[in-house]
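What follows is input-v8.cif (mmCIF, C-alpha atoms (C1' of nucleotides)).
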```cif
data_target
loop_
_atom_site.group_PDB
_atom_site.id
_atom_site.type_symbol
_atom_site.label_atom_id
_atom_site.label_comp_id
_atom_site.auth_asym_id
_atom_site.auth_seq_id
_atom_site.Cartn_x
_atom_site.Cartn_y
_atom_site.Cartn_z
ATOM 1 C CA MET A 11 5.775 -0.334 -27.810
ATOM 2 C CA ALA A 12 3.342 1.040 -25.258
ATOM 3 C CA LYS A 13 3.177 4.240 -23.245
ATOM 4 C CA GLU A 14 3.915 2.280 -20.135
ATOM 5 C CA ARG A 15 2.638 4.581 -17.483
ATOM 6 C CA ILE A 16 2.130 1.562 -15.304
ATOM 7 C CA ALA A 17 2.784 1.656 -11.590
ATOM 8 C CA LEU A 18 4.088 -1.565 -10.118
ATOM 9 C CA THR A 19 4.247 -2.578 -6.511
ATOM 10 C CA LYS A 20 7.270 -4.158 -4.969
ATOM 11 C CA PHE A 21 6.107 -7.698 -5.368
ATOM 12 C CA GLU A 22 4.845 -7.063 -8.863
ATOM 13 C CA THR A 23 8.229 -5.700 -9.775
ATOM 14 C CA GLU A 24 9.831 -8.788 -8.364
ATOM 15 C CA VAL A 25 7.682 -10.971 -10.574
ATOM 16 C CA MET A 26 8.485 -8.829 -13.571
ATOM 17 C CA SER A 27 12.158 -9.358 -12.817
ATOM 18 C CA VAL A 28 11.674 -13.071 -13.068
ATOM 19 C CA LEU A 29 9.854 -12.729 -16.354
ATOM 20 C CA TRP A 30 12.483 -10.469 -17.808
ATOM 21 C CA ARG A 31 15.064 -12.975 -16.799
ATOM 22 C CA LEU A 32 13.255 -16.026 -18.129
ATOM 23 C CA GLY A 33 11.643 -14.340 -21.092
ATOM 24 C CA GLU A 34 8.506 -16.341 -20.564
ATOM 25 C CA ALA A 35 7.189 -18.435 -17.729
ATOM 26 C CA SER A 36 4.214 -20.143 -16.178
ATOM 27 C CA VAL A 37 2.967 -19.177 -12.759
ATOM 28 C CA ARG A 38 4.609 -22.253 -11.347
ATOM 29 C CA GLU A 39 7.931 -21.287 -12.847
ATOM 30 C CA VAL A 40 7.675 -17.802 -11.469
ATOM 31 C CA GLN A 41 6.950 -19.173 -8.033
ATOM 32 C CA ASP A 42 9.948 -21.455 -8.244
ATOM 33 C CA ALA A 43 12.169 -18.613 -9.374
ATOM 34 C CA ILE A 44 11.337 -16.445 -6.400
ATOM 35 C CA GLU A 45 13.799 -16.934 -3.614
ATOM 36 C CA ARG A 46 12.413 -16.062 -0.247
ATOM 37 C CA ALA A 47 12.708 -17.250 3.296
ATOM 38 C CA GLU A 48 9.008 -17.994 3.307
ATOM 39 C CA PRO A 49 8.023 -18.633 -0.291
ATOM 40 C CA PRO A 50 4.657 -17.271 -1.372
ATOM 41 C CA ALA A 51 1.767 -19.625 -2.032
ATOM 42 C CA TYR A 52 1.132 -20.641 -5.581
ATOM 43 C CA THR A 53 -2.122 -18.726 -5.684
ATOM 44 C CA THR A 54 -0.433 -15.636 -4.330
ATOM 45 C CA VAL A 55 1.903 -15.594 -7.271
ATOM 46 C CA GLN A 56 -1.006 -16.311 -9.515
ATOM 47 C CA THR A 57 -2.871 -13.284 -8.205
ATOM 48 C CA ILE A 58 0.090 -11.048 -8.808
ATOM 49 C CA VAL A 59 0.455 -12.303 -12.345
ATOM 50 C CA GLN A 60 -3.229 -11.697 -12.925
ATOM 51 C CA ARG A 61 -2.933 -8.156 -11.653
ATOM 52 C CA LEU A 62 0.030 -7.618 -13.889
ATOM 53 C CA GLU A 63 -2.007 -8.883 -16.785
ATOM 54 C CA GLN A 64 -4.817 -6.466 -15.978
ATOM 55 C CA LYS A 65 -2.354 -3.630 -15.779
ATOM 56 C CA GLY A 66 -1.007 -4.626 -19.149
ATOM 57 C CA ALA A 67 2.449 -5.393 -17.856
ATOM 58 C CA VAL A 68 2.430 -9.002 -19.011
ATOM 59 C CA ARG A 69 0.588 -10.928 -21.685
ATOM 60 C CA ARG A 70 -0.268 -14.535 -22.258
ATOM 61 C CA THR A 71 1.741 -16.274 -24.877
ATOM 62 C CA ARG A 72 0.692 -19.871 -25.015
ATOM 63 C CA LYS A 73 -0.763 -22.777 -23.191
ATOM 64 C CA ALA A 74 1.260 -25.844 -22.318
ATOM 65 C CA GLY A 75 -0.832 -28.596 -20.866
ATOM 66 C CA ASN A 76 -3.398 -26.537 -19.083
ATOM 67 C CA ALA A 77 -0.887 -24.020 -17.829
ATOM 68 C CA LEU A 78 -0.648 -20.547 -19.280
ATOM 69 C CA TYR A 79 2.631 -18.916 -20.120
ATOM 70 C CA PHE A 80 3.281 -15.234 -19.704
ATOM 71 C CA GLU A 81 5.821 -12.811 -21.053
ATOM 72 C CA PRO A 82 6.579 -9.194 -20.177
ATOM 73 C CA ALA A 83 4.627 -6.612 -22.118
ATOM 74 C CA ILE A 84 6.669 -3.688 -20.845
ATOM 75 C CA THR A 85 10.390 -3.271 -20.938
ATOM 76 C CA ARG A 86 12.711 -3.644 -18.066
ATOM 77 C CA LYS A 87 14.215 -0.330 -18.950
ATOM 78 C CA SER A 88 10.954 1.561 -18.724
ATOM 79 C CA VAL A 89 10.345 0.239 -15.254
ATOM 80 C CA TYR A 90 13.862 0.923 -14.111
ATOM 81 C CA ARG A 91 13.601 4.381 -15.486
ATOM 82 C CA ARG A 92 10.531 5.036 -13.444
ATOM 83 C CA LEU A 93 12.102 3.751 -10.251
ATOM 84 C CA VAL A 94 15.356 5.514 -10.811
ATOM 85 C CA ASP A 95 13.609 8.743 -11.654
ATOM 86 C CA GLU A 96 11.683 8.607 -8.433
ATOM 87 C CA LEU A 97 14.800 8.057 -6.426
ATOM 88 C CA ILE A 98 16.682 10.791 -8.212
ATOM 89 C CA ASP A 99 13.801 13.091 -7.618
ATOM 90 C CA LEU A 100 13.885 12.331 -3.947
ATOM 91 C CA ILE A 101 17.610 12.523 -3.510
ATOM 92 C CA GLY A 102 17.815 15.579 -5.653
ATOM 93 C CA GLY A 103 19.807 14.634 -8.704
ATOM 94 C CA SER A 104 21.629 11.742 -10.248
ATOM 95 C CA GLN A 105 25.001 13.060 -9.261
ATOM 96 C CA PRO A 106 24.174 13.063 -5.539
ATOM 97 C CA LEU A 107 22.825 9.579 -5.995
ATOM 98 C CA VAL A 108 26.071 8.300 -7.398
ATOM 99 C CA ALA A 109 28.020 10.278 -4.848
ATOM 100 C CA HIS A 110 25.988 8.524 -2.195
ATOM 101 C CA LEU A 111 26.878 5.183 -3.732
ATOM 102 C CA VAL A 112 30.540 6.004 -3.599
ATOM 103 C CA GLU A 113 30.358 7.372 -0.079
ATOM 104 C CA THR A 114 28.627 4.342 1.273
ATOM 105 C CA GLY A 115 31.025 2.046 -0.455
ATOM 106 C CA LYS A 116 28.491 0.608 -2.855
ATOM 107 C CA LEU A 117 30.593 1.707 -5.732
ATOM 108 C CA SER A 118 34.330 1.899 -6.068
ATOM 109 C CA LEU A 119 36.368 4.247 -8.144
ATOM 110 C CA ASP A 120 37.293 1.307 -10.282
ATOM 111 C CA ASP A 121 33.642 0.689 -10.910
ATOM 112 C CA LEU A 122 33.288 4.258 -12.044
ATOM 113 C CA LYS A 123 36.191 3.908 -14.404
ATOM 114 C CA ALA A 124 34.795 0.709 -15.826
ATOM 115 C CA ILE A 125 31.464 2.352 -16.457
ATOM 116 C CA GLU A 126 33.142 5.287 -18.116
ATOM 117 C CA LYS A 127 35.041 3.059 -20.460
ATOM 118 C CA ALA A 128 31.973 1.032 -21.324
ATOM 119 C CA ALA A 129 30.004 4.178 -21.913
ATOM 120 C CA LYS A 130 32.599 5.614 -24.239
ATOM 121 C CA ARG A 131 32.650 2.480 -26.293
ATOM 122 C CA GLY A 132 28.891 2.186 -26.281
ATOM 123 C CA ALA A 133 28.324 5.787 -27.243
ATOM 124 C CA LYS A 134 30.308 5.378 -30.419
ATOM 125 C CA MET B 6 21.982 7.318 16.908
ATOM 126 C CA ALA B 7 19.273 4.710 16.409
ATOM 127 C CA LYS B 8 19.126 1.432 14.626
ATOM 128 C CA GLU B 9 16.784 2.944 12.127
ATOM 129 C CA ARG B 10 15.177 -0.097 10.684
ATOM 130 C CA ILE B 11 12.188 2.032 9.884
ATOM 131 C CA ALA B 12 10.189 1.523 6.740
ATOM 132 C CA LEU B 13 8.747 4.664 5.255
ATOM 133 C CA THR B 14 6.052 5.006 2.663
ATOM 134 C CA LYS B 15 6.309 7.332 -0.252
ATOM 135 C CA PHE B 16 4.391 10.125 1.319
ATOM 136 C CA GLU B 17 6.170 9.718 4.615
ATOM 137 C CA THR B 18 9.465 9.972 2.819
ATOM 138 C CA GLU B 19 8.285 13.138 1.159
ATOM 139 C CA VAL B 20 7.505 14.658 4.521
ATOM 140 C CA MET B 21 10.871 13.586 5.862
ATOM 141 C CA SER B 22 12.477 15.352 2.932
ATOM 142 C CA VAL B 23 10.821 18.559 3.958
ATOM 143 C CA LEU B 24 11.984 18.145 7.520
ATOM 144 C CA TRP B 25 15.543 17.397 6.515
ATOM 145 C CA ARG B 26 15.464 20.495 4.389
ATOM 146 C CA LEU B 27 13.971 22.773 7.011
ATOM 147 C CA GLY B 28 15.577 21.153 10.012
ATOM 148 C CA GLU B 29 12.425 21.662 12.015
ATOM 149 C CA ALA B 30 8.875 22.517 11.104
ATOM 150 C CA SER B 31 5.273 22.617 12.210
ATOM 151 C CA VAL B 32 2.614 20.627 10.427
ATOM 152 C CA ARG B 33 1.468 23.789 8.720
ATOM 153 C CA GLU B 34 4.940 24.493 7.464
ATOM 154 C CA VAL B 35 5.290 20.987 6.149
ATOM 155 C CA GLN B 36 2.023 21.303 4.333
ATOM 156 C CA ASP B 37 3.120 24.581 2.789
ATOM 157 C CA ALA B 38 6.418 23.089 1.720
ATOM 158 C CA ILE B 39 4.817 20.254 -0.198
ATOM 159 C CA GLU B 40 4.301 21.167 -3.798
ATOM 160 C CA ARG B 41 1.534 19.223 -5.441
ATOM 161 C CA ALA B 42 -1.087 19.781 -8.062
ATOM 162 C CA GLU B 43 -3.719 18.988 -5.469
ATOM 163 C CA PRO B 44 -2.236 19.847 -2.085
ATOM 164 C CA PRO B 45 -3.087 17.479 0.735
ATOM 165 C CA ALA B 46 -5.434 18.583 3.491
ATOM 166 C CA TYR B 47 -3.899 19.893 6.653
ATOM 167 C CA THR B 48 -5.117 16.921 8.632
ATOM 168 C CA THR B 49 -3.670 14.564 6.070
ATOM 169 C CA VAL B 50 -0.236 15.963 6.623
ATOM 170 C CA GLN B 51 -0.895 15.890 10.317
ATOM 171 C CA THR B 52 -1.698 12.197 10.174
ATOM 172 C CA ILE B 53 1.495 11.442 8.321
ATOM 173 C CA VAL B 54 3.541 13.377 10.829
ATOM 174 C CA GLN B 55 1.841 11.510 13.630
ATOM 175 C CA ARG B 56 2.626 8.185 12.023
ATOM 176 C CA LEU B 57 6.196 9.275 11.585
ATOM 177 C CA GLU B 58 6.302 10.158 15.230
ATOM 178 C CA GLN B 59 4.981 6.744 16.199
ATOM 179 C CA LYS B 60 7.558 5.099 14.002
ATOM 180 C CA GLY B 61 10.230 7.135 15.697
ATOM 181 C CA ALA B 62 11.250 8.946 12.545
ATOM 182 C CA VAL B 63 10.533 12.397 13.923
ATOM 183 C CA ARG B 64 10.335 13.909 17.360
ATOM 184 C CA ARG B 65 8.717 16.953 18.884
ATOM 185 C CA THR B 66 11.010 19.797 19.657
ATOM 186 C CA ARG B 67 8.973 22.658 20.999
ATOM 187 C CA LYS B 68 5.665 24.363 21.046
ATOM 188 C CA ALA B 69 5.092 27.747 19.488
ATOM 189 C CA GLY B 70 1.694 29.150 20.227
ATOM 190 C CA ASN B 71 -0.272 25.969 20.318
ATOM 191 C CA ALA B 72 1.542 24.457 17.361
ATOM 192 C CA LEU B 73 4.057 21.666 17.771
ATOM 193 C CA TYR B 74 7.363 21.625 15.977
ATOM 194 C CA PHE B 75 9.003 18.485 14.713
ATOM 195 C CA GLU B 76 12.473 17.532 13.649
ATOM 196 C CA PRO B 77 13.859 14.400 12.006
ATOM 197 C CA ALA B 78 14.953 11.659 14.366
ATOM 198 C CA ILE B 79 16.579 9.565 11.669
ATOM 199 C CA THR B 80 19.183 10.618 9.185
ATOM 200 C CA ARG B 81 18.615 11.334 5.588
ATOM 201 C CA LYS B 82 21.465 9.059 4.762
ATOM 202 C CA SER B 83 19.999 6.043 6.506
ATOM 203 C CA VAL B 84 16.799 6.396 4.556
ATOM 204 C CA TYR B 85 18.590 6.943 1.295
ATOM 205 C CA ARG B 86 20.696 3.930 1.954
ATOM 206 C CA ARG B 87 17.640 1.811 2.388
ATOM 207 C CA LEU B 88 16.017 3.038 -0.785
ATOM 208 C CA VAL B 89 19.184 2.781 -2.797
ATOM 209 C CA ASP B 90 19.859 -0.700 -1.510
ATOM 210 C CA GLU B 91 16.448 -1.828 -2.593
ATOM 211 C CA LEU B 92 16.914 -0.432 -6.039
ATOM 212 C CA ILE B 93 20.353 -1.920 -6.389
ATOM 213 C CA ASP B 94 18.994 -5.224 -5.308
ATOM 214 C CA LEU B 95 16.318 -5.069 -7.924
ATOM 215 C CA ILE B 96 18.498 -3.887 -10.745
ATOM 216 C CA GLY B 97 21.216 -6.283 -9.775
ATOM 217 C CA GLY B 98 24.147 -4.206 -8.672
ATOM 218 C CA SER B 99 25.252 -0.644 -8.320
ATOM 219 C CA GLN B 100 27.287 -0.737 -11.476
ATOM 220 C CA PRO B 101 24.299 -1.615 -13.662
ATOM 221 C CA LEU B 102 22.402 1.137 -11.915
ATOM 222 C CA VAL B 103 24.962 3.741 -12.832
ATOM 223 C CA ALA B 104 25.261 2.279 -16.291
ATOM 224 C CA HIS B 105 21.543 2.726 -16.635
ATOM 225 C CA LEU B 106 21.887 6.352 -15.585
ATOM 226 C CA VAL B 107 24.497 6.955 -18.220
ATOM 227 C CA GLU B 108 22.558 5.120 -20.898
ATOM 228 C CA THR B 109 19.401 7.038 -20.299
ATOM 229 C CA GLY B 110 21.259 10.300 -20.258
ATOM 230 C CA LYS B 111 20.653 11.017 -16.608
ATOM 231 C CA LEU B 112 24.343 11.210 -16.038
ATOM 232 C CA SER B 113 27.081 12.452 -18.311
ATOM 233 C CA LEU B 114 30.657 11.327 -18.479
ATOM 234 C CA ASP B 115 31.591 14.679 -17.091
ATOM 235 C CA ASP B 116 29.397 14.000 -14.092
ATOM 236 C CA LEU B 117 31.222 10.760 -13.556
ATOM 237 C CA LYS B 118 34.555 12.466 -13.701
ATOM 238 C CA ALA B 119 33.430 15.108 -11.269
ATOM 239 C CA ILE B 120 32.256 12.485 -8.838
ATOM 240 C CA GLU B 121 35.518 10.625 -9.148
ATOM 241 C CA LYS B 122 37.502 13.698 -8.372
ATOM 242 C CA ALA B 123 35.352 14.565 -5.424
ATOM 243 C CA ALA B 124 35.589 11.028 -4.136
ATOM 244 C CA LYS B 125 39.343 10.992 -4.383
ATOM 245 C CA ARG B 126 39.612 14.176 -2.439
ATOM 246 C CA GLY B 127 37.063 13.060 0.086
ATOM 247 C CA ALA B 128 38.629 9.652 0.609
ATOM 248 C CA LYS B 129 41.964 11.150 1.566
ATOM 249 C "C1'" DG C 12 -13.289 -42.664 -22.153
ATOM 250 C "C1'" DC C 13 -12.503 -41.381 -17.696
ATOM 251 C "C1'" DG C 14 -10.611 -40.114 -13.489
ATOM 252 C "C1'" DG C 15 -7.330 -37.478 -11.052
ATOM 253 C "C1'" DC C 16 -4.426 -33.589 -10.658
ATOM 254 C "C1'" DG C 17 -2.928 -29.309 -11.810
ATOM 255 C "C1'" DC C 18 -4.201 -25.028 -13.273
ATOM 256 C "C1'" DT C 19 -7.235 -21.232 -13.690
ATOM 257 C "C1'" DA C 20 -10.874 -18.051 -12.238
ATOM 258 C "C1'" DC C 21 -12.999 -16.068 -8.667
ATOM 259 C "C1'" DT C 22 -13.496 -14.601 -4.021
ATOM 260 C "C1'" DA C 23 -11.868 -13.167 0.483
ATOM 261 C "C1'" DC C 24 -9.638 -10.689 3.834
ATOM 262 C "C1'" DA C 25 -6.191 -8.337 6.825
ATOM 263 C "C1'" DA C 26 -2.817 -4.822 6.929
ATOM 264 C "C1'" DA C 27 -0.898 -0.745 5.071
ATOM 265 C "C1'" DT C 28 -1.563 3.613 2.980
ATOM 266 C "C1'" DG C 29 -3.601 7.877 1.520
ATOM 267 C "C1'" DT C 30 -6.949 10.916 2.638
ATOM 268 C "C1'" DA C 31 -9.805 13.503 5.567
ATOM 269 C "C1'" DG C 32 -13.543 14.764 9.156
ATOM 270 C "C1'" DT C 33 -14.849 15.848 14.031
ATOM 271 C "C1'" DA C 34 -14.381 17.197 18.647
ATOM 272 C "C1'" DT C 35 -12.006 19.552 21.752
ATOM 273 C "C1'" DG C 36 -8.393 22.290 23.912
ATOM 274 C "C1'" DC C 37 -5.427 26.056 24.471
ATOM 275 C "C1'" DG C 38 -3.141 30.504 23.566
ATOM 276 C "C1'" DC C 39 -3.470 35.309 21.860
ATOM 277 C "C1'" DG C 40 -5.612 39.452 21.044
ATOM 278 C "C1'" DC C 41 -8.862 42.538 22.561
ATOM 279 C "C1'" DG D 6 -10.741 37.239 31.337
ATOM 280 C "C1'" DC D 7 -12.965 35.598 27.383
ATOM 281 C "C1'" DG D 8 -13.947 34.016 23.164
ATOM 282 C "C1'" DC D 9 -12.111 32.982 18.417
ATOM 283 C "C1'" DG D 10 -9.506 30.389 15.741
ATOM 284 C "C1'" DC D 11 -5.929 27.406 14.828
ATOM 285 C "C1'" DA D 12 -3.771 23.069 16.318
ATOM 286 C "C1'" DT D 13 -4.133 18.662 18.165
ATOM 287 C "C1'" DA D 14 -5.975 14.088 19.169
ATOM 288 C "C1'" DC D 15 -8.870 10.790 17.743
ATOM 289 C "C1'" DT D 16 -11.668 8.407 14.490
ATOM 290 C "C1'" DA D 17 -13.051 6.960 9.942
ATOM 291 C "C1'" DC D 18 -12.948 5.090 5.558
ATOM 292 C "C1'" DA D 19 -11.718 3.854 0.676
ATOM 293 C "C1'" DT D 20 -8.052 1.830 -1.914
ATOM 294 C "C1'" DT D 21 -4.095 -0.742 -2.614
ATOM 295 C "C1'" DT D 22 -1.273 -4.498 -1.572
ATOM 296 C "C1'" DG D 23 0.052 -8.938 0.137
ATOM 297 C "C1'" DT D 24 -1.617 -13.176 0.975
ATOM 298 C "C1'" DA D 25 -4.370 -17.087 0.261
ATOM 299 C "C1'" DG D 26 -8.585 -20.352 -0.100
ATOM 300 C "C1'" DT D 27 -12.144 -22.677 -2.996
ATOM 301 C "C1'" DA D 28 -14.658 -24.342 -6.965
ATOM 302 C "C1'" DG D 29 -14.469 -26.252 -11.007
ATOM 303 C "C1'" DC D 30 -12.568 -27.304 -15.666
ATOM 304 C "C1'" DG D 31 -9.636 -29.326 -18.931
ATOM 305 C "C1'" DC D 32 -5.357 -32.379 -20.028
ATOM 306 C "C1'" DC D 33 -2.874 -36.554 -19.878
ATOM 307 C "C1'" DG D 34 -2.115 -41.019 -18.757
ATOM 308 C "C1'" DC D 35 -4.037 -45.306 -18.340
#
```

Give the structure from the file, written as structure tokens.
Amino acid sequence: MAKERIALTKFETEVMSVLWRLGEASVREVQDAIERAEPPAYTTVQTIVQRLEQKGAVRRTRKAGNALYFEPAITRKSVYRRLVDELIDLIGGSQPLVAHLVETGKLSLDDLKAIEKAAKRGAK
Amino acid sequence: MAKERIALTKFETEVMSVLWRLGEASVREVQDAIERAEPPAYTTVQTIVQRLEQKGAVRRTRKAGNALYFEPAITRKSVYRRLVDELIDLIGGSQPLVAHLVETGKLSLDDLKAIEKAAKRGAK
DNA sequence: GCGGCGCTACTACAAATGTAGTATGCGCGC
DNA sequence: GCGCGCATACTACATTTGTAGTAGCGCCGC
């Protein structure tokens, strides 16, 4: 389902997050879903969605009233993978990354155990 | 050692990586240390280093010949923390992040165990 | 059927970022 | 002690990104 060599900016990624969460949304709905101190103007969100459309990251699904609805055209996982890969590359390995998480208290040993268990079950 | 609310771009972060690795380096050395298909021009690297200096991320240490040497003025950890935090925020938690790593094969169960062990020892 | 309102399409623009050129200065080797 | 060459300081510029305004069209309600 697509090669997905699409680079997304921060804000674009944020919009994608909303779409992944909602499955489908109008520009208005995306704007409403973004929580910010200073919320972006409607047209700002619109521009981002348009850019995403040009990049092939979202596609139009339907029209309700005169509003268009959009859905993601790339998977959450593919985008995460890209971001995570970059970070791993920078930090120098996934193990150091996780070690960093533990060190800085972002992740507890219990968390690790939970993940292990889930992984074992999932891998079956 | 500094509040370190410094935002770094991708390229800037790359340069910082070199400096953390080398401890101290001239612009020329940084340029040489960057591996790229198309290596950046000397002055390009120079510009980045200058911007880093303005941001307070690096500082001059000494002069050898007529070349300046620079060293990091912010810690690797503080930058990592920032990047990791952003990613966690986006993905929605550190646990999902690690889960993603395991799922996509970036991290094995053995890695997890190793990290756990190390953490236990370290935390003592 | 028509008017208003919301939505889209298009345009604009400032700041950040990546990339590099030019002018000039200074140190080292001869 | 002088000039060559590398390094610096300054300037420049295209692109990307964030942010938003405006013009105009098409639905829906009346």

For the PyMOL selection byres ((chain A and resi 20-27) around 10), applied here, can you spell out every residue it catches as a PDB file with C-alpha atoms (C1' of nucleotides), in the coordinates of the input?
```pdb
ATOM      1  CA  ALA A  17       2.784   1.656 -11.590  1.00  0.00           C
ATOM      2  CA  LEU A  18       4.088  -1.565 -10.118  1.00  0.00           C
ATOM      3  CA  THR A  19       4.247  -2.578  -6.511  1.00  0.00           C
ATOM      4  CA  VAL A  28      11.674 -13.071 -13.068  1.00  0.00           C
ATOM      5  CA  LEU A  29       9.854 -12.729 -16.354  1.00  0.00           C
ATOM      6  CA  TRP A  30      12.483 -10.469 -17.808  1.00  0.00           C
ATOM      7  CA  ARG A  31      15.064 -12.975 -16.799  1.00  0.00           C
ATOM      8  CA  LEU A  32      13.255 -16.026 -18.129  1.00  0.00           C
ATOM      9  CA  GLY A  33      11.643 -14.340 -21.092  1.00  0.00           C
ATOM     10  CA  VAL A  37       2.967 -19.177 -12.759  1.00  0.00           C
ATOM     11  CA  VAL A  40       7.675 -17.802 -11.469  1.00  0.00           C
ATOM     12  CA  GLN A  41       6.950 -19.173  -8.033  1.00  0.00           C
ATOM     13  CA  ALA A  43      12.169 -18.613  -9.374  1.00  0.00           C
ATOM     14  CA  ILE A  44      11.337 -16.445  -6.400  1.00  0.00           C
ATOM     15  CA  VAL A  55       1.903 -15.594  -7.271  1.00  0.00           C
ATOM     16  CA  THR A  57      -2.871 -13.284  -8.205  1.00  0.00           C
ATOM     17  CA  ILE A  58       0.090 -11.048  -8.808  1.00  0.00           C
ATOM     18  CA  VAL A  59       0.455 -12.303 -12.345  1.00  0.00           C
ATOM     19  CA  ARG A  61      -2.933  -8.156 -11.653  1.00  0.00           C
ATOM     20  CA  LEU A  62       0.030  -7.618 -13.889  1.00  0.00           C
ATOM     21  CA  ALA A  67       2.449  -5.393 -17.856  1.00  0.00           C
ATOM     22  CA  VAL A  68       2.430  -9.002 -19.011  1.00  0.00           C
ATOM     23  CA  GLU A  81       5.821 -12.811 -21.053  1.00  0.00           C
ATOM     24  CA  PRO A  82       6.579  -9.194 -20.177  1.00  0.00           C
ATOM     25  CA  ALA A  83       4.627  -6.612 -22.118  1.00  0.00           C
ATOM     26  CA  ILE A  84       6.669  -3.688 -20.845  1.00  0.00           C
ATOM     27  CA  THR A  85      10.390  -3.271 -20.938  1.00  0.00           C
ATOM     28  CA  ARG A  86      12.711  -3.644 -18.066  1.00  0.00           C
ATOM     29  CA  VAL A  89      10.345   0.239 -15.254  1.00  0.00           C
ATOM     30  CA  TYR A  90      13.862   0.923 -14.111  1.00  0.00           C
TER      31      TYR A  90
ATOM     32  CA  GLU B  91      16.448  -1.828  -2.593  1.00  0.00           C
ATOM     33  CA  LEU B  95      16.318  -5.069  -7.924  1.00  0.00           C
ATOM     34  CA  ILE B  96      18.498  -3.887 -10.745  1.00  0.00           C
TER      35      ILE B  96
ATOM     36  C1'  DT D  22      -1.273  -4.498  -1.572  1.00  0.00           C
ATOM     37  C1'  DG D  23       0.052  -8.938   0.137  1.00  0.00           C
TER      38       DG D  23
END
```

Q) By how many Å are atom C1' of DG36 of chain C and atom CA of Phe75 of chain B apart? A)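 We find that atom C1' of DG36 of chain C and atom CA of Phe75 of chain B lie 20.0 Å from each other.
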
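Shown here are all protein and nucleic acid residues lying within 10 Å of (-3.1, -18.7, -19.5), with only C-alpha atoms (C1' of nucleotides) considered: Ser36, Val37, Gln60, Arg69, Arg70, Thr71, Arg72, Lys73, Ala74, Asn76, Ala77, Leu78, Tyr79 and Phe80 of chain A; DC18 and DT19 of chain C.
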
May I have the residues from that selection written out with C-alpha atoms (C1' of nucleotides), as a short mmCIF file (atom, residue, chain, number, x, y, z; two decimals), keeping the file's coordinate frame?
```cif
data_model
loop_
_atom_site.label_atom_id
_atom_site.label_comp_id
_atom_site.auth_asym_id
_atom_site.auth_seq_id
_atom_site.Cartn_x
_atom_site.Cartn_y
_atom_site.Cartn_z
CA SER A 36 4.21 -20.14 -16.18
CA VAL A 37 2.97 -19.18 -12.76
CA GLN A 60 -3.23 -11.70 -12.92
CA ARG A 69 0.59 -10.93 -21.68
CA ARG A 70 -0.27 -14.54 -22.26
CA THR A 71 1.74 -16.27 -24.88
CA ARG A 72 0.69 -19.87 -25.02
CA LYS A 73 -0.76 -22.78 -23.19
CA ALA A 74 1.26 -25.84 -22.32
CA ASN A 76 -3.40 -26.54 -19.08
CA ALA A 77 -0.89 -24.02 -17.83
CA LEU A 78 -0.65 -20.55 -19.28
CA TYR A 79 2.63 -18.92 -20.12
CA PHE A 80 3.28 -15.23 -19.70
"C1'" DC C 18 -4.20 -25.03 -13.27
"C1'" DT C 19 -7.24 -21.23 -13.69
#
```

Q: Could you state which residues are captured by the PyMOL selection byres ((chain B) within 8 of (chain C)) in this file, as a ChimeraX atom specification?
A: /B:14,45-46,48-49,70-71

Taking a cut-off of 9 Å and counting only C-alpha atoms (C1' of nucleotides), can you build a table that, for each residue of chain D near chain A, reports the nearest atom pair and how far apart they are in Å (one decimal), sorted by chain then residue number, as a Markdown table?
```
| residue | atom | partner | partner_atom | distance |
| --- | --- | --- | --- | --- |
| D:DT22 | C1' | A:Thr19 | CA | 7.7 |
| D:DG23 | C1' | A:Thr54 | CA | 8.1 |
| D:DT24 | C1' | A:Thr54 | CA | 6.0 |
| D:DA25 | C1' | A:Thr54 | CA | 6.2 |
| D:DG26 | C1' | A:Thr53 | CA | 8.7 |
| D:DG31 | C1' | A:Asn76 | CA | 6.8 |
| D:DC32 | C1' | A:Gly75 | CA | 6.0 |
| D:DC33 | C1' | A:Gly75 | CA | 8.3 |
```

Q: Taking the file as shown, find all residues satisfying the PyMOL selection byres ((chain A) within 10 of (chain B)) and write them as a ChimeraX atom specification.
A: /A:20,23-24,27,86-87,90-91,93-98,100-101,103-114,116-130,132-133

Atoms added to segment 60-66 of chain A (N, CA and C atoms), reported as a PDB file, in the coordinates of the input:
```
ATOM      1  N   GLN A  60      -1.956 -12.172 -12.384  1.00  0.00           N
ATOM      2  CA  GLN A  60      -3.229 -11.697 -12.925  1.00  0.00           C
ATOM      3  C   GLN A  60      -3.327 -10.176 -12.870  1.00  0.00           C
ATOM      4  N   ARG A  61      -2.892  -9.625 -11.756  1.00  0.00           N
ATOM      5  CA  ARG A  61      -2.933  -8.156 -11.653  1.00  0.00           C
ATOM      6  C   ARG A  61      -2.018  -7.521 -12.694  1.00  0.00           C
ATOM      7  N   LEU A  62      -0.895  -8.138 -12.891  1.00  0.00           N
ATOM      8  CA  LEU A  62       0.030  -7.618 -13.889  1.00  0.00           C
ATOM      9  C   LEU A  62      -0.602  -7.677 -15.277  1.00  0.00           C
ATOM     10  N   GLU A  63      -1.351  -8.749 -15.486  1.00  0.00           N
ATOM     11  CA  GLU A  63      -2.007  -8.883 -16.785  1.00  0.00           C
ATOM     12  C   GLU A  63      -3.043  -7.767 -16.959  1.00  0.00           C
ATOM     13  N   GLN A  64      -3.811  -7.532 -15.908  1.00  0.00           N
ATOM     14  CA  GLN A  64      -4.817  -6.466 -15.978  1.00  0.00           C
ATOM     15  C   GLN A  64      -4.183  -5.105 -16.218  1.00  0.00           C
ATOM     16  N   LYS A  65      -3.047  -4.909 -15.612  1.00  0.00           N
ATOM     17  CA  LYS A  65      -2.354  -3.630 -15.779  1.00  0.00           C
ATOM     18  C   LYS A  65      -1.685  -3.524 -17.144  1.00  0.00           C
ATOM     19  N   GLY A  66      -1.643  -4.641 -17.841  1.00  0.00           N
ATOM     20  CA  GLY A  66      -1.007  -4.626 -19.149  1.00  0.00           C
ATOM     21  C   GLY A  66       0.493  -4.779 -19.093  1.00  0.00           C
TER      22      GLY A  66
END
```
